[in-house]
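Below: the structure, in structure tokens.
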Amino acid sequence: MMTEPTRIPPRDDRGTQPAPWRRPRVVLWTAAGAATLGFLIALEIVARGYGFSGPITEQSREVIFAPESGPLLYGGLALTMVVLTWRQRLIALGIAAGVDVAFFLVRWALDADMNFGNGALWVVLGVAVLGVTRRTGQERLLLLKGTGLGLLLVAGHKTGDTWLLITSKTRATVLDAYVAAADHALADPSWLVGRFLNATAPVSTGLLHVVYGQLPLAAALVGLYQLRRVAVKRRFPAHHLVRTFLVIGLFGPAIYMIFPVVGPVFAYGTDGGAWATANLWPDVLPPVTDPQPIPFDGITPRNCMPSLHTAWAVTLFIHSRDGSRAMRWAGTFWLVGTLTATLGFGYHYGADLLAGVVFALTIETAMRCSAHGWDRAGVRVVALGTAVFAAQLASYRWLPTEMAARPWLYGPLLLLVTGAVVYAYVRTARTARAAREREPKPGVPGQRPAPAEPAEPAKAVGTTGAAPTGTDDSQDPDATDAEPELV
């Protein structure tokens with residue numbers, strides 16, 4: 001009797017059977033991409049309603065017209081090139097430079113605005129075209145992920161600029177008086193550090209301006225370090241710095257709409273001009289009175305609560321811990337320098353910084369759990385961070401005078417609840433990292449799992465009854481990341 005031949009599941013272009021969890025991940029990526037596109041379209045529509053272009057228009061025009069920031073576009077290209085080989089990277093850089101030279105000559109001849117970066121954007125888009133037309137399977141997905149990463153870096157910057165414009169147009173009053181009153185519980189750190197920088201200028205201010213302004217560059221270097229093996233392994237690590245950076249930049253400005261604050265240098269200093277309540281910062285502390293919303297101009301962004309520079313610096317510090325000694329020191333330096341600059345330049349209050357720390361650790365935990373799997377400890381940290389962040393905003397808004405009247409109580413309490421989130425994050429991250437390090441490394445595809453008995457010397461791969469051996473991840477694109485998680 002003839003029997004029907006056994007049907008063998010289709011294999012991907014690397015010769016391995018598709019993992020059962022691939023389809024859900026593809027669906028998740030598709031849903032995330034659709035949600036991001038919908039958000040950008042909605043932001044574009046809102047921006048158009050207020051008379052200026054949104055992130056989609058701003059990024060699209062840079063294909064031809066002079067870009068706003070050439071280094072930003074080349075940063076996006078650098079992130080995209082992590083999926084390319086060294087030979088392909090040299091070709092990509094050569095094409096980007098050639099396109100920029102051609103644009104430079106044309107603009108010089110037409111006496112148009114001069115800038116560079118168009119070539120980088122062209123190459124990023126070219127990688128996407130190459131992936132769609134000339135690659136299949138895992139290779140196509142890898143190139144599209146690299147393109148998406150590079151474009152998201154640029155889109156995140158454009159989105160942030162649009163958000164800030166919207167906050168200045170939609171929030172006619174600011175809540176600086178409330179935060180300034182609550183900041184008395186923390187001994188008014190912005191006024192203290194501001195006076196210190198004035199006394200040590202220009203050395204201190206010159207250094208801190210570089211640290212504050214080049215935080216994206218420092219983050220890009222750490223991110224590129226984490227992604228340096230993507231071209232070899234042909235897959236991205238489960239979690240890396242860029243993911244958290246982008247999510248912080250996406251959700252942070254939404255809080256600006258809820259709690260609009262411009263900062264002491266604007267509300268109480270010379271930078272606020274006629275809209276400032278008085279010229280007090282940093283020499284004279286603001287009086288503790290019944291706070292009221294302050295009318296402010298339609299230009300200055302309401303971008304203080306929480307401090308996203310603090311959130312990004314905390315994230316940079318976390319992800320630099322598993323780098324070299326020089327990287328760990330650089331991460332610490334950038335964290336301390338950023339905190340000092342945000343206070344000393346009058347851009348933030350101390351209360352903003354505490355909220356930024358809690359916000360960063362909550363987002364980082366959620367992103368780590370989304371990559372490695374949710375557990376009870378991770379859920380508890382996210383719930384704790386969310387509750388503490390909400391409590392901070394509520395206390396700044398409705399209890400500022402009580403906080404200023406009892407600094408001996410509310411100051412330590414604010415530091416205590418923030419420290420509780422820090423402790424919970426560190427403990428959970430270390431436990432999760434130790435658990436992952438105890439997990440056996442994935443074996444060669446097609447081999448049987450090792451028996452739960454005392455291990456015997458492994459035989460050569462391919463012999464009958466051979467025990468599985470640890471191999472490099474690059475052989476299996478579906479294997480989990482064997483590198484230790486950054487905590």
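Residues are referred to by chain and number: the chain letter is A, B, ... according to the order shown in the structure tokens, the number counts from 1 in that chain, and ligands are numbered separately from 1 in the order shown.
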
For this session: Please report, as a PyMOL selection string, each residue of range 280-411 of chain A to which DSSP assigns helix (DSSP H, G or I) when run on this structure's backbone.
Result: chain A and resi 308-319+325-344+350-372+376-398+400-405+407-411

Exercise. Can you list, as a PyMOL selection string, every protein, DNA or RNA residue that comes within 12 Å of Leu207 in chain A when you count only C-alpha atoms, leaving out same-chain residues fewer than 6 positions away?
Worked result: chain A and resi 197+200-201+213-214+333-334+337-338+340-341

With the cut-off set at 12 Å and counting only C-alpha atoms, tabulate each residue of range 236-350 of chain A with an atom at most that distance from an atom of range 393-412 of chain A, showing the nearest atom pair and its distance in Å to one decimal, ordered by chain and increasing number, as a Markdown table.
```
| residue | atom | partner | partner_atom | distance |
| --- | --- | --- | --- | --- |
| A:Ile255 | CA | A:Leu393 | CA | 9.8 |
| A:Tyr256 | CA | A:Leu393 | CA | 11.3 |
| A:Ile258 | CA | A:Leu393 | CA | 9.5 |
| A:Phe259 | CA | A:Leu393 | CA | 7.9 |
| A:Pro260 | CA | A:Arg397 | CA | 11.0 |
| A:Val261 | CA | A:Arg397 | CA | 11.4 |
| A:Pro286 | CA | A:Ala404 | CA | 11.4 |
| A:Pro287 | CA | A:Ala404 | CA | 10.3 |
| A:Val288 | CA | A:Thr401 | CA | 7.1 |
| A:Thr289 | CA | A:Thr401 | CA | 7.4 |
| A:Asp290 | CA | A:Thr401 | CA | 6.9 |
| A:Pro291 | CA | A:Thr401 | CA | 7.9 |
| A:Gln292 | CA | A:Arg397 | CA | 10.2 |
| A:Pro293 | CA | A:Arg397 | CA | 10.4 |
| A:Met305 | CA | A:Leu393 | CA | 8.5 |
| A:Pro306 | CA | A:Leu393 | CA | 9.0 |
| A:Tyr349 | CA | A:Tyr396 | CA | 11.4 |
| A:Gly350 | CA | A:Gly411 | CA | 10.6 |
```

Exercise. For Leu125 in chain A, which of A:Ala366, A:Leu164, A:Ile299, A:Leu149 is the closest residue, counting only C-alpha atoms?
Worked result: A:Leu149

Any chance you could tabulate, as CSV, the residues of range 331-360 of chain A at most 10 Å from range 265-276 of chain A with each one's nearest atom pair and distance in Å to one decimal, using only C-alpha atoms, in chain and rising number order?
```
residue,atom,partner,partner_atom,distance
A:Leu343,CA,A:Val265,CA,9.8
A:Gly344,CA,A:Val265,CA,9.6
A:Phe345,CA,A:Val265,CA,7.3
A:Gly346,CA,A:Val265,CA,4.6
A:Tyr347,CA,A:Val265,CA,6.2
A:His348,CA,A:Val265,CA,8.3
A:Tyr349,CA,A:Val265,CA,9.9
```
